[in-house]
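J.: To be precise about what I am sending: the file is called query_30.csv and holds CSV, C-alpha atoms.
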chain,number,residue,atom,x,y,z
A,630,MET,CA,53.4,135.3,30.7
A,631,ASN,CA,53.6,136.0,34.5
A,632,GLN,CA,55.9,138.8,35.6
A,633,ARG,CA,58.5,137.9,38.2
A,634,ASN,CA,57.8,139.0,41.8
A,635,TYR,CA,61.2,140.4,42.8
A,636,GLN,CA,60.1,141.1,46.3
A,637,ARG,CA,59.1,137.5,46.9
A,638,GLU,CA,62.4,136.3,45.3
A,639,MET,CA,64.3,138.5,47.8
A,640,GLU,CA,62.2,137.2,50.7
A,641,LYS,CA,63.0,133.6,49.8
A,642,LEU,CA,66.7,134.4,49.8
A,643,ILE,CA,66.4,136.1,53.1
A,644,GLU,CA,64.5,133.2,54.6
A,645,ARG,CA,67.2,130.8,53.4
A,646,HIS,CA,70.0,132.8,55.1
A,647,GLN,CA,67.9,133.3,58.2
A,648,ALA,CA,67.3,129.5,58.5
A,649,GLN,CA,71.1,129.0,58.3
A,650,GLY,CA,71.9,131.7,60.8
A,651,GLU,CA,73.7,133.8,58.2
A,652,VAL,CA,74.1,137.6,57.9
A,653,PRO,CA,75.3,138.2,54.3
A,654,ARG,CA,77.3,141.2,53.3
A,655,LEU,CA,75.4,143.5,51.0
A,656,LEU,CA,76.7,146.4,48.9
A,657,LEU,CA,73.7,148.7,48.5
A,658,HIS,CA,73.9,151.3,45.8
A,659,SER,CA,72.0,154.4,47.0
A,660,CYS,CA,70.6,157.1,44.7
A,661,CYS,CA,69.8,159.4,47.7
A,662,ALA,CA,69.0,159.5,51.4
A,663,PRO,CA,65.2,159.5,51.1
A,664,CYS,CA,65.2,156.5,48.8
A,665,SER,CA,67.6,154.6,51.0
A,666,SER,CA,65.8,155.3,54.3
A,667,TYR,CA,63.2,152.5,54.1
A,668,VAL,CA,65.6,150.2,52.3
A,669,MET,CA,68.2,150.4,55.1
A,670,GLU,CA,65.5,150.1,57.7
A,671,TYR,CA,64.3,146.9,56.1
A,672,LEU,CA,67.5,145.2,54.9
A,673,SER,CA,69.6,145.9,57.9
A,674,GLN,CA,67.5,143.4,59.8
A,675,TYR,CA,69.0,140.7,57.6
A,676,PHE,CA,72.3,142.0,56.1
A,677,SER,CA,75.5,143.7,57.0
A,678,ILE,CA,75.3,146.7,54.7
A,679,THR,CA,77.7,149.1,53.0
A,680,VAL,CA,75.9,151.9,51.3
A,681,PHE,CA,77.7,152.7,48.1
A,682,TYR,CA,77.1,156.2,46.9
A,683,TYR,CA,78.0,156.3,43.3
A,684,ASN,CA,76.1,158.9,41.3
A,685,PRO,CA,78.2,160.8,38.7
A,686,ASN,CA,75.0,161.9,37.1
A,687,ILE,CA,74.2,164.5,39.8
A,688,PHE,CA,74.5,168.1,38.8
A,689,PRO,CA,75.8,170.6,39.9
A,690,PRO,CA,78.7,169.6,42.3
A,691,GLU,CA,77.1,171.5,45.1
A,692,GLU,CA,74.0,169.4,44.8
A,693,TYR,CA,76.1,166.3,44.8
A,694,GLY,CA,77.8,167.4,48.0
A,695,LYS,CA,74.5,168.1,49.7
A,696,ARG,CA,73.1,164.7,48.9
A,697,VAL,CA,76.2,163.0,50.1
A,698,GLU,CA,76.0,164.8,53.4
A,699,GLU,CA,72.3,163.8,53.9
A,700,GLN,CA,73.2,160.2,53.1
A,701,VAL,CA,75.9,160.1,55.7
A,702,ARG,CA,73.7,161.9,58.3
A,703,LEU,CA,70.9,159.4,57.8
A,704,ILE,CA,73.2,156.4,58.2
A,705,GLY,CA,74.5,157.9,61.5
A,706,GLU,CA,71.1,158.8,62.9
A,707,GLN,CA,69.0,155.8,61.9
A,708,PRO,CA,69.1,152.7,64.1
A,709,HIS,CA,70.0,149.4,62.4
A,710,LEU,CA,70.1,145.9,63.7
A,711,HIS,CA,73.2,145.0,61.8
A,712,PRO,CA,76.0,147.4,60.9
A,713,VAL,CA,75.6,149.9,58.1
A,714,GLU,CA,78.7,151.6,56.7
A,715,PHE,CA,79.3,154.2,53.9
A,716,LEU,CA,81.5,154.0,50.8
A,717,GLU,CA,81.6,156.9,48.4
A,718,GLY,CA,82.4,156.2,44.8
A,719,ASN,CA,84.3,158.5,42.5
A,720,TYR,CA,82.4,161.6,41.4
A,721,ASP,CA,83.3,161.9,37.8
A,722,PRO,CA,80.5,163.6,35.8
A,723,GLU,CA,82.3,163.1,32.5
A,724,ARG,CA,81.7,159.3,32.8
A,725,PHE,CA,78.0,160.0,32.9
A,726,PHE,CA,78.1,162.3,29.9
A,727,GLN,CA,80.1,159.7,28.0
A,728,ALA,CA,77.7,156.9,29.0
A,729,VAL,CA,74.6,158.8,27.7
A,730,LYS,CA,76.2,160.4,24.7
A,731,GLY,CA,73.7,160.7,21.8
A,732,HIS,CA,70.8,160.5,24.2
A,733,GLU,CA,70.9,164.0,25.6
A,734,GLY,CA,67.5,164.8,24.1
A,735,ASP,CA,65.7,161.8,25.5
A,736,ARG,CA,62.8,162.5,27.8
A,737,GLU,CA,63.2,161.5,31.4
A,738,GLY,CA,62.5,157.8,31.8
A,739,GLY,CA,63.8,156.8,28.4
A,740,GLU,CA,66.9,155.1,27.1
A,741,ARG,CA,69.2,157.8,28.6
A,742,CYS,CA,68.0,156.7,32.1
A,743,PHE,CA,68.6,153.0,31.4
A,744,LEU,CA,72.2,153.8,30.3
A,745,CYS,CA,72.6,155.8,33.6
A,746,TYR,CA,71.3,152.8,35.6
A,747,GLU,CA,73.7,150.5,33.9
A,748,LEU,CA,76.7,152.9,34.6
A,749,ARG,CA,75.9,152.9,38.3
A,750,LEU,CA,75.0,149.2,38.7
A,751,ARG,CA,78.2,148.2,36.8
A,752,GLU,CA,80.3,150.3,39.2
A,753,ALA,CA,78.4,148.7,42.1
A,754,ALA,CA,79.0,145.2,40.8
A,755,GLN,CA,82.7,145.9,40.4
A,756,ALA,CA,83.0,147.4,43.9
A,757,ALA,CA,81.0,144.4,45.4
A,758,LYS,CA,83.3,141.9,43.7
A,759,GLU,CA,86.5,143.7,44.8
A,760,GLY,CA,85.1,144.0,48.3
A,761,GLY,CA,84.2,140.4,48.7
A,762,PHE,CA,80.5,141.1,49.3
A,763,ASP,CA,77.8,138.4,49.0
A,764,TYR,CA,75.4,140.5,47.1
A,765,PHE,CA,74.8,143.9,45.6
A,766,THR,CA,71.6,145.8,44.7
A,767,THR,CA,70.2,149.3,44.4
A,768,THR,CA,67.6,151.5,46.1
A,769,LEU,CA,66.4,152.7,42.7
A,770,SER,CA,63.3,150.4,42.6
A,771,ILE,CA,61.7,152.2,45.5
A,772,SER,CA,60.1,154.6,43.0
A,773,PRO,CA,56.5,153.9,42.2
A,774,LEU,CA,57.3,154.9,38.6
A,775,LYS,CA,60.5,152.8,38.3
A,776,ASN,CA,60.6,149.9,35.9
A,777,ALA,CA,61.7,147.2,38.4
A,778,GLY,CA,62.0,144.7,35.6
A,779,LYS,CA,64.5,146.8,33.7
A,780,LEU,CA,66.5,147.5,36.8
A,781,ASN,CA,66.7,143.8,37.8
A,782,GLU,CA,67.5,142.9,34.2
A,783,ILE,CA,70.5,145.2,34.2
A,784,GLY,CA,71.6,144.2,37.6
A,785,GLU,CA,71.5,140.5,36.8
A,786,ALA,CA,73.4,141.1,33.6
A,787,VAL,CA,76.3,142.9,35.2
A,788,ALA,CA,76.3,140.5,38.1
A,789,ARG,CA,76.9,137.6,35.6
A,790,GLU,CA,79.7,139.7,34.0
A,791,TYR,CA,81.5,140.3,37.3
A,792,GLY,CA,80.7,137.0,39.0
A,793,ILE,CA,78.9,138.5,41.9
A,794,ALA,CA,75.3,137.8,43.1
A,795,TYR,CA,72.6,140.4,42.5
A,796,LEU,CA,69.9,140.7,45.1
A,797,PRO,CA,66.5,140.9,43.3
A,798,SER,CA,64.4,143.7,44.6
A,799,ASP,CA,61.3,145.9,44.1
A,800,PHE,CA,61.4,148.1,47.2
A,801,LYS,CA,58.2,149.9,46.4
A,802,LYS,CA,56.3,146.7,47.3
A,803,LYS,CA,54.7,146.4,50.8
A,804,ASP,CA,54.3,150.2,51.1
A,805,GLY,CA,58.1,150.7,50.8
A,806,TYR,CA,57.7,154.0,49.0
A,807,ARG,CA,55.1,155.3,51.6
A,808,ARG,CA,57.4,154.3,54.4
A,809,SER,CA,60.3,156.1,52.8
A,810,VAL,CA,58.2,159.3,52.7
A,811,GLU,CA,57.4,158.8,56.4
A,812,LEU,CA,61.1,158.3,57.3
A,813,SER,CA,62.1,161.4,55.3
A,814,GLY,CA,59.8,163.4,57.4
A,815,GLU,CA,61.0,161.9,60.7
A,816,TYR,CA,64.6,162.6,59.9
A,817,GLY,CA,64.0,166.0,58.1
A,818,LEU,CA,65.7,164.8,55.0
A,819,TYR,CA,66.4,167.0,52.0
A,820,ARG,CA,64.0,165.8,49.3
A,821,GLN,CA,65.3,167.1,46.0
A,822,ASN,CA,62.9,168.3,43.3
A,823,TYR,CA,64.7,166.7,40.4
A,824,CYS,CA,66.4,163.4,39.9
A,825,GLY,CA,70.0,164.6,39.7
A,826,CYS,CA,71.3,165.1,36.2
A,827,VAL,CA,71.5,168.3,34.2
A,828,PHE,CA,68.8,167.0,31.8
A,829,SER,CA,66.3,166.2,34.5
A,830,ARG,CA,67.0,169.5,36.2
A,831,ARG,CA,66.1,171.2,32.9
A,832,GLU,CA,62.9,169.2,32.7
A,833,ALA,CA,62.1,170.1,36.4
A,834,LYS,CA,62.3,173.8,35.5
A,835,GLU,CA,59.7,173.2,32.8
A,836,ARG,CA,57.3,171.6,35.2
A,837,GLU,CA,54.7,173.4,37.2
A,838,GLU,CA,56.2,175.8,39.8
A,839,GLY,CA,55.9,174.9,43.4
A,840,ARG,CA,56.2,171.1,43.1
A,841,THR,CA,58.3,169.8,46.0
A,842,ASN,CA,58.1,166.1,45.7
A,843,CYS,CA,61.3,164.1,45.4
A,844,ARG,CA,61.8,163.4,41.7
A,845,ALA,CA,64.6,161.0,42.6
A,846,CYS,CA,61.8,158.9,44.3
A,847,THR,CA,59.0,159.4,41.8
A,848,SER,CA,60.7,159.6,38.4
A,849,GLU,CA,62.3,157.1,36.0
A,850,ASN,CA,65.7,158.7,36.4
A,851,ALA,CA,66.9,158.8,40.0
Take the structure from the file and write it as structure tokens.
T.:
Amino acid sequence: MNQRNYQREMEKLIERHQAQGEVPRLLLHSCCAPCSSYVMEYLSQYFSITVFYYNPNIFPPEEYGKRVEEQVRLIGEQPHLHPVEFLEGNYDPERFFQAVKGHEGDREGGERCFLCYELRLREAAQAAKEGGFDYFTTTLSISPLKNAGKLNEIGEAVAREYGIAYLPSDFKKKDGYRRSVELSGEYGLYRQNYCGCVFSRREAKEREEGRTNCRACTSENA
């Protein structure tokens, strides 16, 4: 059984809108500025984007605030063909803890992460529906270690539930991750060393000292 090529599916949708002279409105859920850098550069050629920053999993609050500031800064400094705006969701860590209850001991990349994905994608779908957007999607698939199939499966499921189109994506394709690293360097972006939640932070402390790669971009739980 052949796996779906989500990148190609997205390209076909883009080609169709381009042929009709359309610039659809996209609600783009972002997990962090580094991951969104390439995605905004790429998609702003074809969409009018609102970056939706909804990540109640991030711990502690000071870390959350720092990541929000970097996201806003990047949007303001990066050139875009079509407008890119910012919308911050409600920071309510208790919703995250309730969503993953019973999975606190899961290793990073397991069922706890999938529940976290669903929490954020569901909120994005609702915001997209209420805001009258044409599509919603997430930057999460930029990670080379992300399960794009799972992310798209969840995204399409909540899209059907809310009656809003999900933009299929696998942003790591076509050197997307490599480009995100380049852009992070160009803009001097803060690249966190753990994905965001208290559980991944705990795991990060267990890893080898001195690692500085962005776990939000290289782990299963961004």
J.: Nearest to Ser772 (chain A): which of A:Cys745, A:Met669, A:Val810, A:Leu703 is it, counting only C-alpha atoms?
T.: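 Residue with the minimum atom-to-atom distance to Ser772 (chain A): A:Val810.
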J.: Quick one, how far is CA of Gly761 (chain A) from CA of Ile678 (chain A)?
T.: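 Separating CA of Gly761 (chain A) from CA of Ile678 (chain A) is a distance of 12.4 Å.
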J.: CA of Phe681 (chain A) to CA of Gly784 (chain A): how many Å, to one decimal?
T.: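 Taking CA of Phe681 (chain A) as the start and CA of Gly784 (chain A) as the end point, the length is 14.8 Å.
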J.: If you measure from CA of Ala754 (chain A) to CA of Leu657 (chain A), what distance in Å do you get, rounded to one decimal?
T.: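 So the two atoms, CA of Ala754 (chain A) and CA of Leu657 (chain A), lie 10.0 Å apart.
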J.: For Arg654 (chain A), list every protein, DNA or RNA residue within 10 Å, evaluated using only C-alpha atoms, and leave out those in the same chain fewer than 6 positions away; present the list as an MDAnalysis selection string.
T.: chainID A and resid 675:679 712 757 760:765
J.: Which one of A:Ala833, A:Leu716, A:Cys660, A:Met639 sits closest to Asn686 (chain A) if you count all atoms listed in the file?
T.: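 Of the candidates, the smallest distance to Asn686 (chain A) is held by A:Cys660.
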J.: What's the 6 Å shell around region 786-803 of chain A, counting only C-alpha atoms, without same-chain residues fewer than 2 positions away, as a PyMOL selection string?
T.: chain A and resi 635-636+639+751+758+764-766+770-771+777+783-784+805-806
J.: My list of candidates is A:Val827, A:Ala728, A:Ile643, A:Val680. Which is closest to Ala662 (chain A) when distances are computed with only C-alpha atoms?
T.: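 Closest to Ala662 (chain A), using only C-alpha atoms: A:Val680.
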J.: Kindly indicate which residue among A:Arg696, A:Lys730, A:His646, A:Lys779 lies nearest to Cys824 (chain A), using all atoms listed in the file for the distances.
T.: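 Result for the nearest residue to Cys824 (chain A): A:Arg696.
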J.: Determine the nearest neighbour of His732 (chain A) from the options A:Arg633, A:Ser665, A:Phe828, A:Glu717, counting all atoms listed in the file.
T.: A:Phe828
J.: For Gln700 (chain A), list every protein, DNA or RNA residue within 10 Å, evaluated using only C-alpha atoms, and leave out those in the same chain fewer than 4 positions away; present the list as a PDB file with C-alpha atoms, in the frame of the given file.
T.:
ATOM      1  CA  SER A 659      72.000 154.400  47.000  1.00  0.00           C
ATOM      2  CA  CYS A 660      70.600 157.100  44.700  1.00  0.00           C
ATOM      3  CA  CYS A 661      69.800 159.400  47.700  1.00  0.00           C
ATOM      4  CA  ALA A 662      69.000 159.500  51.400  1.00  0.00           C
ATOM      5  CA  PRO A 663      65.200 159.500  51.100  1.00  0.00           C
ATOM      6  CA  CYS A 664      65.200 156.500  48.800  1.00  0.00           C
ATOM      7  CA  SER A 665      67.600 154.600  51.000  1.00  0.00           C
ATOM      8  CA  SER A 666      65.800 155.300  54.300  1.00  0.00           C
ATOM      9  CA  VAL A 680      75.900 151.900  51.300  1.00  0.00           C
ATOM     10  CA  TYR A 682      77.100 156.200  46.900  1.00  0.00           C
ATOM     11  CA  GLY A 694      77.800 167.400  48.000  1.00  0.00           C
ATOM     12  CA  LYS A 695      74.500 168.100  49.700  1.00  0.00           C
ATOM     13  CA  ARG A 696      73.100 164.700  48.900  1.00  0.00           C
ATOM     14  CA  ILE A 704      73.200 156.400  58.200  1.00  0.00           C
ATOM     15  CA  GLY A 705      74.500 157.900  61.500  1.00  0.00           C
ATOM     16  CA  PHE A 715      79.300 154.200  53.900  1.00  0.00           C
ATOM     17  CA  LEU A 818      65.700 164.800  55.000  1.00  0.00           C
ATOM     18  CA  TYR A 819      66.400 167.000  52.000  1.00  0.00           C
TER      19      TYR A 819
END
J.: Taking only C-alpha atoms into account, name the residue in A:Cys742, A:Phe726, A:His658, A:Glu644 that is nearest to Glu714 (chain A).
T.: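 Ranked by minimum distance to Glu714 (chain A), first place goes to A:His658.
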J.: Please, which residues are within 8 Å of (71.6, 168.4, 34.5) by the file's coordinates, counting only C-alpha atoms, and could they come as a list in words?
T.: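 Those residues lying close to the given coordinates are Asn686, Ile687, Phe688, Pro689, Gly825, Cys826, Val827, Phe828, Ser829, Arg830 and Arg831 of chain A.
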J.: For region 730-758 of chain A, write N, CA, C and O atoms out as an mmCIF file, in the first residue's frame.
T.:
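Wrote decode13.cif, looks like this:
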data_model
loop_
_atom_site.group_PDB
_atom_site.id
_atom_site.type_symbol
_atom_site.label_atom_id
_atom_site.label_comp_id
_atom_site.auth_asym_id
_atom_site.auth_seq_id
_atom_site.Cartn_x
_atom_site.Cartn_y
_atom_site.Cartn_z
ATOM 1 N N LYS A 730 -3.985 13.188 30.621
ATOM 2 C CA LYS A 730 -4.105 12.482 31.895
ATOM 3 C C LYS A 730 -4.042 10.968 31.685
ATOM 4 O O LYS A 730 -4.694 10.419 30.807
ATOM 5 N N GLY A 731 -3.214 10.313 32.494
ATOM 6 C CA GLY A 731 -3.017 8.878 32.375
ATOM 7 C C GLY A 731 -1.849 8.505 31.495
ATOM 8 O O GLY A 731 -1.451 7.339 31.432
ATOM 9 N N HIS A 732 -1.280 9.501 30.800
ATOM 10 C CA HIS A 732 -0.147 9.257 29.901
ATOM 11 C C HIS A 732 1.092 10.044 30.326
ATOM 12 O O HIS A 732 2.004 10.241 29.528
ATOM 13 N N GLU A 733 1.106 10.443 31.583
ATOM 14 C CA GLU A 733 2.229 11.246 32.060
ATOM 15 C C GLU A 733 3.556 10.503 31.955
ATOM 16 O O GLU A 733 4.610 11.122 31.791
ATOM 17 N N GLY A 734 3.511 9.191 32.053
ATOM 18 C CA GLY A 734 4.745 8.410 32.016
ATOM 19 C C GLY A 734 5.177 7.973 30.635
ATOM 20 O O GLY A 734 6.218 7.317 30.484
ATOM 21 N N ASP A 735 4.410 8.322 29.605
ATOM 22 C CA ASP A 735 4.789 7.956 28.237
ATOM 23 C C ASP A 735 6.101 8.612 27.853
ATOM 24 O O ASP A 735 6.392 9.747 28.258
ATOM 25 N N ARG A 736 6.864 7.907 27.042
ATOM 26 C CA ARG A 736 8.078 8.508 26.504
ATOM 27 C C ARG A 736 7.705 9.485 25.400
ATOM 28 O O ARG A 736 6.663 9.380 24.757
ATOM 29 N N GLU A 737 8.577 10.434 25.149
ATOM 30 C CA GLU A 737 8.342 11.417 24.110
ATOM 31 C C GLU A 737 8.160 10.727 22.757
ATOM 32 O O GLU A 737 8.917 9.843 22.392
ATOM 33 N N GLY A 738 7.122 11.150 22.036
ATOM 34 C CA GLY A 738 6.830 10.538 20.749
ATOM 35 C C GLY A 738 5.731 9.498 20.817
ATOM 36 O O GLY A 738 5.354 8.931 19.794
ATOM 37 N N GLY A 739 5.193 9.242 22.009
ATOM 38 C CA GLY A 739 4.160 8.232 22.187
ATOM 39 C C GLY A 739 2.753 8.808 22.171
ATOM 40 O O GLY A 739 2.500 9.886 21.635
ATOM 41 N N GLU A 740 1.848 8.069 22.799
ATOM 42 C CA GLU A 740 0.436 8.438 22.777
ATOM 43 C C GLU A 740 0.181 9.804 23.404
ATOM 44 O O GLU A 740 -0.711 10.542 22.960
ATOM 45 N N ARG A 741 0.945 10.158 24.428
ATOM 46 C CA ARG A 741 0.772 11.475 25.048
ATOM 47 C C ARG A 741 0.951 12.589 24.014
ATOM 48 O O ARG A 741 0.194 13.570 23.993
ATOM 49 N N CYS A 742 1.920 12.433 23.143
ATOM 50 C CA CYS A 742 2.176 13.439 22.122
ATOM 51 C C CYS A 742 1.021 13.520 21.121
ATOM 52 O O CYS A 742 0.626 14.609 20.709
ATOM 53 N N PHE A 743 0.460 12.363 20.769
ATOM 54 C CA PHE A 743 -0.657 12.367 19.831
ATOM 55 C C PHE A 743 -1.865 13.080 20.436
ATOM 56 O O PHE A 743 -2.589 13.806 19.743
ATOM 57 N N LEU A 744 -2.092 12.873 21.721
ATOM 58 C CA LEU A 744 -3.180 13.565 22.398
ATOM 59 C C LEU A 744 -2.937 15.075 22.424
ATOM 60 O O LEU A 744 -3.876 15.869 22.292
ATOM 61 N N CYS A 745 -1.682 15.447 22.582
ATOM 62 C CA CYS A 745 -1.314 16.862 22.566
ATOM 63 C C CYS A 745 -1.538 17.453 21.181
ATOM 64 O O CYS A 745 -2.034 18.571 21.035
ATOM 65 N N TYR A 746 -1.169 16.711 20.136
ATOM 66 C CA TYR A 746 -1.427 17.171 18.774
ATOM 67 C C TYR A 746 -2.921 17.422 18.572
ATOM 68 O O TYR A 746 -3.329 18.431 17.998
ATOM 69 N N GLU A 747 -3.723 16.467 19.014
ATOM 70 C CA GLU A 747 -5.162 16.590 18.810
ATOM 71 C C GLU A 747 -5.726 17.801 19.539
ATOM 72 O O GLU A 747 -6.584 18.517 19.009
ATOM 73 N N LEU A 748 -5.267 18.043 20.740
ATOM 74 C CA LEU A 748 -5.724 19.202 21.508
ATOM 75 C C LEU A 748 -5.482 20.487 20.729
ATOM 76 O O LEU A 748 -6.378 21.329 20.585
ATOM 77 N N ARG A 749 -4.289 20.633 20.192
ATOM 78 C CA ARG A 749 -3.941 21.866 19.492
ATOM 79 C C ARG A 749 -4.607 21.970 18.122
ATOM 80 O O ARG A 749 -5.063 23.049 17.723
ATOM 81 N N LEU A 750 -4.687 20.867 17.412
ATOM 82 C CA LEU A 750 -5.337 20.899 16.100
ATOM 83 C C LEU A 750 -6.837 21.121 16.222
ATOM 84 O O LEU A 750 -7.457 21.784 15.385
ATOM 85 N N ARG A 751 -7.434 20.580 17.263
ATOM 86 C CA ARG A 751 -8.867 20.792 17.482
ATOM 87 C C ARG A 751 -9.143 22.277 17.746
ATOM 88 O O ARG A 751 -10.111 22.848 17.210
ATOM 89 N N GLU A 752 -8.309 22.904 18.540
ATOM 90 C CA GLU A 752 -8.484 24.327 18.821
ATOM 91 C C GLU A 752 -8.284 25.155 17.550
ATOM 92 O O GLU A 752 -8.997 26.141 17.310
ATOM 93 N N ALA A 753 -7.321 24.732 16.728
ATOM 94 C CA ALA A 753 -7.074 25.436 15.465
ATOM 95 C C ALA A 753 -8.265 25.297 14.523
ATOM 96 O O ALA A 753 -8.655 26.264 13.854
ATOM 97 N N ALA A 754 -8.841 24.106 14.461
ATOM 98 C CA ALA A 754 -10.002 23.896 13.601
ATOM 99 C C ALA A 754 -11.170 24.771 14.030
ATOM 100 O O ALA A 754 -11.858 25.379 13.192
ATOM 101 N N GLN A 755 -11.382 24.858 15.320
ATOM 102 C CA GLN A 755 -12.476 25.684 15.829
ATOM 103 C C GLN A 755 -12.234 27.158 15.508
ATOM 104 O O GLN A 755 -13.153 27.862 15.066
ATOM 105 N N ALA A 756 -10.990 27.613 15.711
ATOM 106 C CA ALA A 756 -10.667 29.013 15.419
ATOM 107 C C ALA A 756 -10.804 29.311 13.935
ATOM 108 O O ALA A 756 -11.264 30.393 13.537
ATOM 109 N N ALA A 757 -10.412 28.352 13.090
ATOM 110 C CA ALA A 757 -10.517 28.539 11.642
ATOM 111 C C ALA A 757 -11.978 28.614 11.209
ATOM 112 O O ALA A 757 -12.353 29.433 10.363
ATOM 113 N N LYS A 758 -12.792 27.768 11.791
ATOM 114 C CA LYS A 758 -14.219 27.767 11.475
ATOM 115 C C LYS A 758 -14.860 29.089 11.889
ATOM 116 O O LYS A 758 -15.595 29.718 11.105
#
